[in-house]
Structure formats: structure tokens, C-alpha cells
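So the structure is just underneath, and the comments pick up after that.
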Amino acid sequence: MNIEEFRTFCLSKKGVTEHFPFDKDTLVFKVCDKMFALSSLKKWEEGVQFINLKCNPDYAVELREKYESILPGYHMSKKHWNSVHLHSNELPVSMIEYLINHSYDLVVKGLSKKMQEQLR
């Protein structure tokens with residue numbers, strides 16, 4: 001998955017917007033103004049392609065134990081975020097999409113019922 005495929009996949013989800021809230025380098029995807037995915041564009045250009053995704057804490061640990069390319073979230077809460085490194089090609093695109101969906105779904109689940117209804 002390249003950066004454009006990542007961007008297109010994230011934006012295809014209902015209610016998603018993209019932002020640069022921290023600096024002109026960090027691309028952030030939000031649903032109802034809550035972050036679910038982000039990545040450094042500068043790191044991609046340097047050949048270090050990774051995305052930060054929200055994750056269920058128990059599942060996050062399980063993924064880190066199973067895959068070398070999944071690490072605790074870079075500059076994020078290590079309990080709730082993973083950094084998924086894509087340059088190793090260890091993970092198939094279907095797994096990356098699954099992890100993006102998991103992150104999105106976690107954030108949506110945490111929204112108010114009214115906001116969840118607006119996304120349907």
C-alpha cells in the first residue's frame with residue numbers, strides 16, 4: 001500500500017476528513033473530528049512508510065507479538081495506538097485495510113449515539 005492508496009482508502013469511509021493539525025508533514029484522518037489514522041509524509045519520502053492506527057489494547061499487544069512490522073504507536077499512546085510499518089511487505093494489503101477498519105470502527109464506537117446515527 002502506498003500513501004495515495006492509504007489516503008484513498010481512509011477517505012472512502014463515511015464521515016472521514018483529512019487534516020494537518022500538528023504541522024504540514026503529519027497527515028491525519030478523522031471521523032467526526034476524532035483521529036483514527038495518521039502518517040508522516042516526510043517519513044514516506046525518506047523510505048520509512050508507516051501509519052499510526054488506533055487499536056484495542058489487548059489486540060494491539062497480540063499484533064505486536066505476531067508481526068515484526070507492528071510496533072507501539074510512534075509519538076502516540078502506546079496502549080491504544082500501533083505503528084504499522086509498510087516498507088517490509090510483511091503485511092498483505094487486506095490486513096492493512098482490516099487494521100484501518102478496526103481503528104475507524106473503534107473511534108465510531110466511542111462516538112455518541114447521535115453521531116453514530118449520522119454516519120449511517
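Numbering starts fresh at 1 for the residues of each chain in the C-alpha cells, the chains themselves are lettered A, B, ... in the order given, and ligands are numbered from 1 as they appear.
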> Using the chain letters and numbers from this document, which residues of chain A does DSSP assign to strand (DSSP E), as number ranges by chain?
Replying inline: A: 16-19, 26-31, 34-40, 50-54, 70-72, 81-85
> Mind checking DSSP for chain A and telling me the alpha helix (DSSP H) residues as a ChimeraX atom specification?
Replying inline: /A:3-11,41-45,57-66,93-109,113-118
> Excluding same-chain residues fewer than 6 positions from A:Ser88, what lies within 12 Å of it counting only C-alpha atoms, as number ranges by chain?
Replying inline: A: 1, 47-50, 67-70
> Looking at A:Ser83, A:Ser40, A:Gln118, A:Thr8, which one is nearest to A:Lys54, with distances taken over only C-alpha atoms?
Replying inline: A:Ser83
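Between atom CA of A:Ile96 and atom CA of A:Lys34 lies a distance of 20.0 Å.
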Skipping near chain neighbours, those fewer than 6 positions away, what residues fall within 12 Å of A:Asp58 using only C-alpha atoms, listed as a PDB file with N, CA and C atoms, in the first residue's frame?
ATOM      1  N   ARG A  64       1.527  -6.947  17.971  1.00  0.00           N
ATOM      2  CA  ARG A  64       2.956  -6.656  18.125  1.00  0.00           C
ATOM      3  C   ARG A  64       3.768  -7.925  18.337  1.00  0.00           C
ATOM      4  N   GLU A  65       3.180  -8.907  19.017  1.00  0.00           N
ATOM      5  CA  GLU A  65       3.872 -10.177  19.248  1.00  0.00           C
ATOM      6  C   GLU A  65       3.927 -11.024  17.980  1.00  0.00           C
ATOM      7  N   LYS A  78       1.023   4.363  23.708  1.00  0.00           N
ATOM      8  CA  LYS A  78       1.466   3.006  23.346  1.00  0.00           C
ATOM      9  C   LYS A  78       0.390   1.968  23.642  1.00  0.00           C
ATOM     10  N   LYS A  79      -0.512   2.279  24.542  1.00  0.00           N
ATOM     11  CA  LYS A  79      -1.575   1.345  24.893  1.00  0.00           C
ATOM     12  C   LYS A  79      -2.645   1.267  23.806  1.00  0.00           C
ATOM     13  N   HIS A  80      -2.963   2.408  23.201  1.00  0.00           N
ATOM     14  CA  HIS A  80      -4.093   2.484  22.278  1.00  0.00           C
ATOM     15  C   HIS A  80      -3.731   2.647  20.801  1.00  0.00           C
ATOM     16  N   TRP A  81      -2.447   2.793  20.498  1.00  0.00           N
ATOM     17  CA  TRP A  81      -2.055   3.036  19.106  1.00  0.00           C
ATOM     18  C   TRP A  81      -0.908   2.120  18.696  1.00  0.00           C
ATOM     19  N   ASN A  82      -0.946   1.681  17.448  1.00  0.00           N
ATOM     20  CA  ASN A  82       0.138   0.922  16.841  1.00  0.00           C
ATOM     21  C   ASN A  82       0.700   1.688  15.654  1.00  0.00           C
TER      22      ASN A  82
END
>> Show me, as number ranges by chain, the residues that have an atom within 9 Å of A:Asp33 when counting only C-alpha atoms, minus same-chain residues fewer than 2 positions from it.
In response: A: 16-17, 29-31, 35
Export, as an mmCIF file, in the first residue's frame, the selected residues with C-alpha atoms.
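Printed below is part_24.cif as written:
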data_model
loop_
_atom_site.group_PDB
_atom_site.id
_atom_site.type_symbol
_atom_site.label_atom_id
_atom_site.label_comp_id
_atom_site.auth_asym_id
_atom_site.auth_seq_id
_atom_site.Cartn_x
_atom_site.Cartn_y
_atom_site.Cartn_z
ATOM 1 C CA VAL A 16 -13.859 10.986 7.161
ATOM 2 C CA THR A 17 -11.922 14.196 6.688
ATOM 3 C CA PHE A 29 -7.626 11.270 9.147
ATOM 4 C CA LYS A 30 -10.588 11.909 11.421
ATOM 5 C CA VAL A 31 -14.144 10.699 11.702
ATOM 6 C CA MET A 35 -8.406 10.790 14.894
#
> Closest to A:Thr26 among A:Glu5, A:Ser94, A:Lys14, A:His75, using only C-alpha atoms?
Replying inline: A:His75
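The space separating atom CA of A:Met76 from atom CA of A:Val28 comes to 12.8 Å.
Ranking A:Glu117, A:Asp23, A:Asp105, A:Glu97 by their shortest atom-to-atom distance to A:Phe6, with only C-alpha atoms included, puts A:Glu97 first.
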